[in-house]
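Engineer: Contents of upload-v9.txt (compact mmCIF, C-alpha atoms):
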# COMPACT_ATOMS: atom_id res chain seq x y z
CA MET A 22 8.56 -4.64 -28.59
CA ALA A 23 10.25 -1.36 -29.15
CA LYS A 24 13.44 0.53 -29.72
CA ALA A 25 16.43 -0.03 -27.47
CA LEU A 26 19.77 1.74 -27.20
CA ILE A 27 22.86 0.08 -25.74
CA ARG A 28 26.28 1.49 -25.14
CA MET A 29 29.24 -0.62 -24.05
CA PRO A 30 32.80 -1.11 -25.30
CA THR A 31 33.10 -3.62 -28.14
CA GLU A 32 36.78 -4.16 -27.43
CA ALA A 33 38.39 -4.55 -24.02
CA LYS A 34 41.34 -6.00 -22.15
CA ARG A 35 40.77 -9.11 -20.04
CA GLY A 36 39.77 -8.12 -16.53
CA GLU A 37 38.74 -4.63 -17.54
CA VAL A 38 35.64 -3.21 -15.85
CA LEU A 39 33.00 -2.35 -18.45
CA GLU A 40 30.28 0.21 -18.04
CA VAL A 41 27.06 -0.81 -19.77
CA LYS A 42 24.19 1.63 -20.41
CA THR A 43 20.80 0.63 -21.77
CA LEU A 44 17.70 2.58 -22.67
CA ILE A 45 14.44 1.10 -23.95
CA SER A 46 11.31 2.70 -25.32
CA HIS A 47 8.33 1.63 -23.19
CA PRO A 48 5.24 3.44 -21.83
CA MET A 49 5.58 1.89 -18.33
CA GLU A 50 1.84 2.31 -17.72
CA THR A 51 1.42 2.01 -13.94
CA GLY A 52 -2.02 0.40 -13.81
CA TYR A 53 -3.17 3.09 -11.37
CA ARG A 54 -4.53 5.51 -13.96
CA ARG A 55 -7.98 5.76 -15.48
CA ASP A 56 -8.90 6.93 -18.96
CA SER A 57 -11.37 9.71 -19.80
CA MET A 58 -14.25 7.23 -19.50
CA GLY A 59 -13.24 6.21 -15.99
CA GLN A 60 -12.00 2.80 -17.08
CA ALA A 61 -8.83 1.54 -15.43
CA ILE A 62 -5.85 1.48 -17.81
CA PRO A 63 -4.25 -1.95 -17.36
CA ARG A 64 -0.72 -2.12 -16.02
CA HIS A 65 1.82 -2.44 -18.80
CA ILE A 66 5.41 -2.24 -17.67
CA VAL A 67 8.74 -3.88 -18.38
CA ASN A 68 8.94 -6.15 -15.34
CA ARG A 69 12.21 -7.94 -15.92
CA PHE A 70 15.59 -7.24 -17.43
CA VAL A 71 18.39 -9.78 -17.79
CA CYS A 72 21.90 -9.41 -19.19
CA THR A 73 23.97 -12.51 -19.95
CA TYR A 74 27.60 -12.67 -21.05
CA ASN A 75 28.34 -15.82 -23.06
CA GLY A 76 25.31 -17.44 -21.45
CA GLN A 77 26.21 -16.49 -17.90
CA GLU A 78 23.93 -14.06 -16.13
CA VAL A 79 25.84 -10.92 -15.10
CA PHE A 80 23.00 -8.55 -14.23
CA ARG A 81 19.29 -8.85 -13.55
CA ALA A 82 16.66 -6.33 -12.52
CA GLU A 83 13.03 -6.49 -11.47
CA LEU A 84 11.10 -3.37 -12.44
CA PHE A 85 8.04 -1.90 -10.74
CA PRO A 86 5.27 0.58 -11.60
CA ALA A 87 7.07 3.52 -9.96
CA ILE A 88 9.80 3.38 -12.60
CA ALA A 89 9.50 6.10 -15.24
CA ALA A 90 8.68 5.54 -18.91
CA ASN A 91 11.57 4.55 -21.19
CA PRO A 92 13.63 2.92 -18.41
CA PHE A 93 17.36 3.60 -18.38
CA LEU A 94 19.59 1.00 -16.71
CA SER A 95 23.32 1.26 -16.18
CA PHE A 96 25.61 -1.32 -14.61
CA PHE A 97 29.14 -2.70 -14.64
CA THR A 98 30.59 -6.07 -15.58
CA VAL A 99 34.07 -7.46 -16.14
CA ALA A 100 35.51 -8.39 -19.53
CA THR A 101 36.32 -12.09 -19.35
CA GLU A 102 36.41 -13.50 -22.87
CA THR A 103 35.45 -12.71 -26.45
CA GLY A 104 31.78 -13.39 -27.08
CA GLU A 105 28.23 -12.13 -27.00
CA VAL A 106 26.50 -9.99 -24.44
CA LEU A 107 22.75 -10.54 -24.56
CA PHE A 108 20.16 -8.10 -23.26
CA GLN A 109 16.56 -9.12 -22.67
CA TRP A 110 13.59 -7.06 -21.54
CA THR A 111 10.24 -8.74 -20.72
CA ASP A 112 7.00 -6.79 -20.27
CA ASP A 113 3.56 -7.49 -18.79
CA GLN A 114 2.12 -8.47 -22.18
CA GLY A 115 4.78 -11.12 -22.58
CA ASN A 116 6.72 -9.20 -25.23
CA ILE A 117 10.40 -9.98 -25.16
CA GLN A 118 12.94 -7.63 -26.66
CA THR A 119 16.38 -9.09 -27.26
CA GLU A 120 19.53 -7.28 -28.29
CA THR A 121 23.07 -8.57 -28.59
CA VAL A 122 26.45 -6.86 -28.61
CA ARG A 123 29.64 -8.63 -29.65
CA ILE A 124 32.70 -7.96 -27.56
CA THR A 125 36.31 -8.79 -28.39
CA VAL A 126 38.59 -9.36 -25.41
CA VAL A 127 42.34 -9.21 -25.95
CA MET H 7 19.57 80.68 -8.93
CA SER H 8 22.09 79.96 -11.65
CA ALA H 9 22.82 76.55 -10.12
CA ARG H 10 19.10 75.73 -10.23
CA ARG H 11 18.82 76.84 -13.84
CA GLY H 12 21.83 74.65 -14.67
CA SER H 13 20.28 71.54 -13.15
CA SER H 14 16.93 72.06 -14.90
CA LEU H 15 18.78 72.51 -18.20
CA LEU H 16 20.58 69.22 -17.54
CA ALA H 17 17.25 67.52 -16.81
CA ILE H 18 15.75 68.77 -20.06
CA THR H 19 18.81 67.67 -22.00
CA LEU H 20 18.61 64.18 -20.48
CA LEU H 21 14.90 64.01 -21.22
CA LEU H 22 15.45 64.99 -24.87
CA LEU H 23 18.30 62.53 -25.15
CA GLY H 24 16.04 59.80 -23.77
CA MET H 25 13.31 60.65 -26.26
CA ALA H 26 15.77 60.67 -29.13
CA LEU H 27 17.11 57.25 -28.07
CA SER H 28 13.67 55.66 -27.86
CA ALA H 29 12.58 57.27 -31.15
CA SER H 30 15.56 55.84 -33.00
CA GLY H 31 14.84 52.39 -31.51
CA GLN H 32 18.09 52.26 -29.54
CA GLY H 33 16.49 51.10 -26.30
CA PRO H 34 15.41 47.50 -25.76
CA GLN H 35 12.01 46.68 -27.20
CA ARG H 36 9.31 45.09 -25.09
CA GLY H 37 9.54 41.35 -25.57
CA ASP H 38 13.28 41.60 -26.18
CA GLU H 39 14.62 43.20 -23.03
CA ILE H 40 17.05 40.43 -22.08
CA ARG H 41 20.52 41.53 -23.17
CA ALA H 42 22.52 39.17 -25.39
CA GLN H 43 25.03 38.48 -22.61
CA ASP H 44 22.21 37.55 -20.20
CA ARG H 45 20.43 35.24 -22.66
CA ARG H 46 20.31 31.75 -21.17
CA SER H 47 18.98 28.48 -22.49
CA GLY H 48 16.41 26.59 -20.44
CA TYR H 49 19.24 24.11 -19.90
CA SER H 50 20.76 26.42 -17.29
CA PHE H 51 17.51 26.44 -15.29
CA VAL H 52 17.13 22.66 -14.84
CA SER H 53 18.82 20.46 -12.23
CA PRO H 54 22.33 19.03 -12.78
CA GLN H 55 20.73 15.57 -13.02
CA THR H 56 18.46 16.66 -15.86
CA GLN H 57 21.40 18.37 -17.56
CA ALA H 58 23.37 15.11 -17.30
CA MET H 59 20.49 13.28 -19.02
CA GLN H 60 20.62 15.71 -21.91
CA ASP H 61 24.43 15.61 -22.12
CA ASP H 62 24.64 11.83 -22.55
CA ASP H 63 23.02 10.71 -25.80
CA LEU H 64 22.40 7.30 -24.31
CA ALA H 65 20.70 8.56 -21.16
CA ASN H 66 18.64 11.04 -23.18
CA PRO H 67 15.34 9.31 -24.05
CA GLY H 68 14.87 11.78 -26.92
CA PHE H 69 17.29 9.60 -28.87
CA LEU H 70 14.69 6.84 -29.02
CA TRP H 71 12.71 9.21 -31.23
CA VAL H 72 15.81 10.23 -33.16
CA LEU H 73 16.44 6.55 -33.92
CA GLU H 74 12.88 6.18 -35.17
CA GLY H 75 13.18 9.37 -37.21
CA GLN H 76 16.31 8.04 -38.85
CA GLU H 77 14.38 4.95 -39.98
CA LEU H 78 11.43 7.02 -41.21
CA TRP H 79 13.84 9.21 -43.18
CA ARG H 80 14.79 6.19 -45.27
CA THR H 81 11.32 4.64 -45.55
CA GLY H 82 9.24 5.26 -48.64
CA ALA H 83 5.70 6.52 -48.07
CA GLY H 84 2.55 7.63 -49.86
CA ALA H 85 1.34 7.21 -53.43
CA ALA H 86 4.72 8.46 -54.70
CA GLY H 87 6.51 5.80 -52.66
CA LYS H 88 9.35 8.22 -52.04
CA SER H 89 11.38 8.52 -48.86
CA CYS H 90 12.90 11.71 -47.45
CA ALA H 91 16.31 10.31 -48.42
CA ASP H 92 15.27 9.96 -52.07
CA CYS H 93 15.27 13.74 -52.42
CA HIS H 94 17.35 14.98 -49.50
CA ARG H 95 19.95 12.18 -49.40
CA GLU H 96 21.83 12.02 -46.11
CA ALA H 97 20.23 14.15 -43.42
CA PRO H 98 23.45 15.04 -41.53
CA ALA H 99 24.55 16.96 -44.64
CA SER H 100 21.29 18.17 -46.19
CA MET H 101 19.46 19.05 -42.96
CA LYS H 102 22.39 20.75 -41.23
CA GLY H 103 21.25 24.14 -39.98
CA VAL H 104 17.66 23.77 -41.17
CA ALA H 105 16.05 23.62 -37.72
CA ALA H 106 18.06 26.68 -36.65
CA ARG H 107 16.27 28.86 -39.20
CA TYR H 108 12.70 27.62 -38.63
CA PRO H 109 9.91 28.82 -38.40
CA ALA H 110 10.36 30.40 -41.82
CA PHE H 111 8.22 31.99 -44.51
CA ASP H 112 7.07 29.51 -47.14
CA ALA H 113 6.24 31.16 -50.47
CA ARG H 114 4.09 28.25 -51.60
CA VAL H 115 1.61 28.52 -48.75
CA GLY H 116 2.12 32.27 -48.29
CA ARG H 117 2.74 32.20 -44.56
CA VAL H 118 5.29 31.35 -41.92
CA ILE H 119 5.40 27.63 -41.09
CA ASN H 120 7.29 25.66 -38.45
CA LEU H 121 9.49 22.60 -38.92
CA GLU H 122 6.66 20.14 -38.24
CA GLN H 123 4.51 21.82 -40.89
CA ARG H 124 7.44 21.85 -43.31
CA ILE H 125 7.83 18.09 -42.88
CA ASN H 126 4.12 17.63 -43.47
CA ARG H 127 4.30 19.75 -46.65
CA CYS H 128 6.81 17.22 -47.99
CA ARG H 129 4.44 14.43 -46.94
CA LEU H 130 1.56 15.98 -48.88
CA ASP H 131 3.36 17.38 -51.94
CA GLN H 132 6.27 15.03 -52.52
CA GLN H 133 5.26 11.73 -50.98
CA GLN H 134 1.52 12.20 -51.63
CA ALA H 135 0.86 10.77 -48.20
CA PRO H 136 -1.53 12.00 -45.49
CA ALA H 137 0.02 14.54 -43.10
CA PHE H 138 1.16 13.24 -39.73
CA ALA H 139 -0.95 14.40 -36.81
CA TYR H 140 0.57 16.88 -34.37
CA GLU H 141 2.29 15.07 -31.47
CA SER H 142 2.15 11.77 -33.35
CA ARG H 143 5.18 9.61 -32.73
CA GLU H 144 6.16 9.82 -36.39
CA LEU H 145 6.07 13.60 -36.64
CA LEU H 146 7.99 14.02 -33.39
CA ALA H 147 10.52 11.42 -34.53
CA LEU H 148 11.18 13.10 -37.88
CA THR H 149 11.28 16.58 -36.33
CA ALA H 150 13.74 15.39 -33.68
CA TYR H 151 15.91 13.70 -36.31
CA VAL H 152 15.97 16.80 -38.53
CA GLY H 153 16.46 19.04 -35.46
CA LEU H 154 19.44 16.99 -34.27
CA GLN H 155 21.32 17.86 -37.45
CA SER H 156 21.46 21.49 -36.27
CA ARG H 157 22.49 20.69 -32.70
CA GLY H 158 25.00 23.23 -31.42
CA MET H 159 24.28 25.72 -34.20
CA PRO H 160 22.96 29.17 -33.22
CA VAL H 161 19.24 29.84 -33.61
CA GLN H 162 18.90 32.36 -36.42
CA VAL H 163 15.49 33.02 -37.97
CA ALA H 164 14.63 35.51 -40.71
CA ILE H 165 12.11 38.14 -39.59
CA ASP H 166 12.27 40.60 -42.46
CA GLY H 167 10.43 40.80 -45.76
CA PRO H 168 7.37 38.56 -46.01
CA ALA H 169 8.00 37.14 -42.51
CA ARG H 170 7.67 40.56 -40.87
CA PRO H 171 3.87 40.66 -40.30
CA PHE H 172 3.97 37.14 -38.83
CA PHE H 173 6.83 38.18 -36.58
CA GLU H 174 4.94 41.26 -35.37
CA ALA H 175 1.85 39.13 -34.74
CA GLY H 176 4.08 36.78 -32.74
CA ARG H 177 5.37 39.66 -30.67
CA ALA H 178 1.79 40.83 -30.01
CA GLU H 179 0.96 37.29 -28.88
CA PHE H 180 3.97 37.31 -26.54
CA LEU H 181 2.79 40.56 -24.96
CA LEU H 182 -0.92 39.67 -24.87
CA ARG H 183 -2.34 39.24 -21.38
CA GLN H 184 -4.40 36.07 -21.36
CA GLY H 185 -6.55 33.83 -19.20
CA GLN H 186 -8.05 34.15 -15.74
CA PHE H 187 -4.64 35.09 -14.38
CA ASN H 188 -4.40 37.81 -17.02
CA LEU H 189 -0.70 37.15 -17.65
CA SER H 190 1.40 37.61 -20.76
CA CYS H 191 4.43 35.52 -21.70
CA ALA H 192 6.61 38.59 -21.06
CA GLN H 193 5.46 39.02 -17.47
CA CYS H 194 7.01 35.68 -16.44
CA HIS H 195 9.75 35.05 -18.97
CA GLU H 196 11.07 38.57 -19.33
CA ASP H 197 10.23 40.46 -16.14
CA HIS H 198 10.67 37.65 -13.61
CA TRP H 199 12.97 35.05 -15.12
CA ARG H 200 15.48 35.40 -12.29
CA GLN H 201 12.84 34.44 -9.76
CA GLN H 202 11.04 31.33 -8.57
CA LEU H 203 7.53 30.06 -9.16
CA ARG H 204 6.28 27.28 -6.87
CA GLY H 205 9.86 26.55 -5.83
CA LEU H 206 11.17 26.24 -9.38
CA PRO H 207 13.14 28.81 -11.35
CA ILE H 208 11.31 30.67 -14.10
CA SER H 209 13.18 30.25 -17.38
CA GLN H 210 13.55 32.86 -20.08
CA GLY H 211 11.09 30.94 -22.24
CA HIS H 212 13.35 29.88 -25.10
CA GLY H 213 12.40 27.02 -27.43
CA ASN H 214 15.87 25.97 -28.59
CA ALA H 215 15.64 22.46 -27.08
CA TYR H 216 12.40 21.41 -28.76
CA PRO H 217 11.13 18.87 -29.57
CA ALA H 218 12.24 18.04 -26.05
CA TYR H 219 11.80 15.15 -23.65
CA ARG H 220 9.96 16.51 -20.64
CA LEU H 221 10.13 14.41 -17.49
CA GLU H 222 6.65 15.65 -16.59
CA TRP H 223 5.29 14.30 -19.89
CA GLN H 224 7.35 11.10 -19.84
CA THR H 225 7.65 11.58 -23.58
CA LEU H 226 9.03 13.79 -26.31
CA GLY H 227 6.82 16.77 -27.12
CA SER H 228 6.69 19.69 -29.52
CA LEU H 229 7.19 23.35 -28.68
CA GLN H 230 3.49 23.88 -29.32
CA ARG H 231 2.64 21.35 -26.63
CA ARG H 232 4.83 23.35 -24.26
CA LEU H 233 3.15 26.61 -25.28
CA ARG H 234 -0.26 25.04 -24.68
CA ASN H 235 0.93 24.09 -21.18
CA CYS H 236 1.70 27.76 -20.53
CA ASN H 237 -1.80 28.68 -21.72
CA PHE H 238 -3.30 26.15 -19.31
CA ALA H 239 -1.11 27.47 -16.51
CA VAL H 240 -2.54 30.98 -16.82
CA ARG H 241 -6.00 29.45 -17.29
CA ALA H 242 -6.35 30.61 -20.87
CA GLU H 243 -7.95 28.48 -23.55
CA PRO H 244 -5.15 27.08 -25.74
CA TYR H 245 -5.29 27.38 -29.49
CA PRO H 246 -5.57 24.14 -31.45
CA TYR H 247 -2.35 22.43 -32.53
CA GLY H 248 -0.89 23.99 -35.65
CA ALA H 249 -2.71 27.31 -35.10
CA GLN H 250 -1.05 30.24 -36.84
CA GLU H 251 -0.99 32.09 -33.49
CA TYR H 252 1.42 29.47 -32.16
CA VAL H 253 3.56 29.46 -35.30
CA ASN H 254 3.87 33.25 -35.11
CA LEU H 255 4.78 32.97 -31.44
CA GLU H 256 7.34 30.26 -32.26
CA LEU H 257 8.92 32.64 -34.78
CA PHE H 258 9.02 35.48 -32.26
CA ILE H 259 10.53 33.39 -29.46
CA ALA H 260 13.08 31.91 -31.88
CA TRP H 261 14.18 35.45 -32.70
CA ARG H 262 14.26 36.22 -28.97
CA ALA H 263 16.55 33.19 -28.54
CA ARG H 264 18.83 34.17 -31.44
CA GLY H 265 22.37 33.01 -30.92
CA LEU H 266 21.48 30.27 -28.42
CA PRO H 267 22.53 26.80 -29.58
CA VAL H 268 19.93 24.35 -30.89
CA GLU H 269 19.73 21.54 -28.28
CA THR H 270 17.24 19.21 -29.98
CA PRO H 271 16.40 16.76 -28.49
CA GLY H 272 16.72 18.53 -25.14
CA VAL H 273 15.64 17.23 -21.74
CA ARG H 274 13.49 19.39 -19.50
CA ARG H 275 11.83 18.83 -16.12
For the file at hand, write its structure as structure tokens.
Structural biologist:
Amino acid sequence: MAKALIRMPTEAKRGEVLEVKTLISHPMETGYRRDSMGQAIPRHIVNRFVCTYNGQEVFRAELFPAIAANPFLSFFTVATETGEVLFQWTDDQGNIQTETVRITVV
Amino acid sequence: MSARRGSSLLAITLLLLGMALSASGQGPQRGDEIRAQDRRSGYSFVSPQTQAMQDDDLANPGFLWVLEGQELWRTGAGAAGKSCADCHREAPASMKGVAARYPAFDARVGRVINLEQRINRCRLDQQQAPAFAYESRELLALTAYVGLQSRGMPVQVAIDGPARPFFEAGRAEFLLRQGQFNLSCAQCHEDHWRQQLRGLPISQGHGNAYPAYRLEWQTLGSLQRRLRNCNFAVRAEPYPYGAQEYVNLELFIAWRARGLPVETPGVRR
């Protein structure tokens, strides 16, 4: 789909609270605008974001047309075990962007 | 009587002193009346929330373009199949300070060009590839990536020698009253920068954050796009993208912003 930026610690102590920040490049076209010919521009937004930690869902968001272009999402989770944190954005055209970050828990 | 003569003598002396000062160019020149200690980046005129976006490289959407620019830097293009990195190697070393001294006079084309045009010269001459269009994602991405390498460095453009006539033309543009509102750049950004316009503070009109992510645009944009916005705002017809009038103006306002840190990619409202 597009470019995504993720920032989270890649090493943490068990039980530590982790701050996760994500930013993805997306036009977030609302569906309410018209082009210069008067034709409606179809809605094209990221409508769903899911974050899983070793397969377990830790954060999910539904997005709506009022959200600005290039949505920035920030949330917290707890370091439980060494493994993979998976980020997945889905948009109106069915594009799915997936990113993974490996985290080592000591 | 003698007291009166004394005061008129003093008045004449002050008048002559004033004339001598202005003749020797000691006083501030029109277009450059903001003292160095009062010079403030547009950063100080935006809300704390917008400042926070700029301060955190992950919250700053401009870095999506930087990321793309970094990839383009290493990607071969054109008939020559060369990438920027083939000649310039690693941008953090080779491009350090470059954006701080642009626009600059280019001997090959015989005029002052801005950073976007400099990148496109490399496209045409070195890569033998078609120039990127103004405001295209690619040109903004490369400009932001090159600009980032000068972040924090003071803006310092050369205005002497061959650049001088372009600089003076830029100053004339800055002072030119334009549009239905008949306003010059100086009337807002020099005379009234401490005040408010439609509830928002008027900035000093510096370009040190560009290309910048403007919340109003929902995208990264060039300084020329911003200048065109100002033209629209005073109901003047904007020049086309890449017009020499804008490049000259970019040179003049860069000189006006001398010493301010490069903030590319900045975030503005």
Engineer: May I have the residues within 7 Å of stretch 80-95 of chain A as a ChimeraX atom specification, using only C-alpha atoms and disregarding those fewer than 4 positions away in the same chain?
Structural biologist: /A:41-49,51,66-72 /H:65,67,224
Engineer: Would you save the residues of that selection, restricted to C-alpha atoms, as a short mmCIF file (atom, residue, chain, number, x, y, z; two decimals), in the frame of the given file?
Structural biologist:
data_model
loop_
_atom_site.label_atom_id
_atom_site.label_comp_id
_atom_site.auth_asym_id
_atom_site.auth_seq_id
_atom_site.Cartn_x
_atom_site.Cartn_y
_atom_site.Cartn_z
CA VAL A 41 27.06 -0.81 -19.77
CA LYS A 42 24.19 1.63 -20.41
CA THR A 43 20.80 0.63 -21.77
CA LEU A 44 17.70 2.58 -22.67
CA ILE A 45 14.44 1.10 -23.95
CA SER A 46 11.31 2.70 -25.32
CA HIS A 47 8.33 1.63 -23.19
CA PRO A 48 5.24 3.44 -21.83
CA MET A 49 5.58 1.89 -18.33
CA THR A 51 1.42 2.01 -13.94
CA ILE A 66 5.41 -2.24 -17.67
CA VAL A 67 8.74 -3.88 -18.38
CA ASN A 68 8.94 -6.15 -15.34
CA ARG A 69 12.21 -7.94 -15.92
CA PHE A 70 15.59 -7.24 -17.43
CA VAL A 71 18.39 -9.78 -17.79
CA CYS A 72 21.90 -9.41 -19.19
CA ALA H 65 20.70 8.56 -21.16
CA PRO H 67 15.34 9.31 -24.05
CA GLN H 224 7.35 11.10 -19.84
#
Engineer: With only C-alpha atoms considered, list every residue of chain H at most 10 Å from chain A, as a ChimeraX atom specification.
Structural biologist: /H:63-71,73-74,221,223-225
Engineer: Need to verify the contact set: H:Ala113, 12 Å, only C-alpha atoms, exclusion of same-chain residues closer than 3 positions in sequence. Can you return it as a ChimeraX atom specification?
Structural biologist: /H:110,116-119,124,167-169
Engineer: Mind pulling up the distance from atom CA of A:Gln118 to atom CA of A:Arg35?
Structural biologist: 28.6 Å
Engineer: Pick out the residues sitting within 7 Å of H:Val72, and hand them over as a ChimeraX atom specification; count only C-alpha atoms, and ignore anything fewer than 6 positions along from it in its own chain.
Structural biologist: /H:147,150-151
Engineer: Would you pick out the contacts of A:Lys34 at 12 Å or less, using only C-alpha atoms, so that residues sharing its chain but fewer than 6 positions from it are not included, and give the list as a list in words?
Structural biologist: Val99, Ala100, Thr101, Glu102, Thr103, Ile124, Thr125, Val126 and Val127 of chain A
Engineer: One decimal, in Å: what's the spacing between atom CA of A:Phe97 and atom CA of A:Leu39?
Structural biologist: 5.4 Å
Engineer: Work out how far atom CA of H:Glu179 is from atom CA of H:Pro267, in Å to one decimal.
Structural biologist: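 That distance, rounded to one decimal, is 24.0 Å.
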Engineer: Between A:Val106, A:Asp56, A:Glu78, A:Glu50, which is the closest to A:Thr119 once you count only C-alpha atoms?
Structural biologist: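 Ranking A:Val106, A:Asp56, A:Glu78, A:Glu50 by distance to A:Thr119, first place goes to A:Val106.
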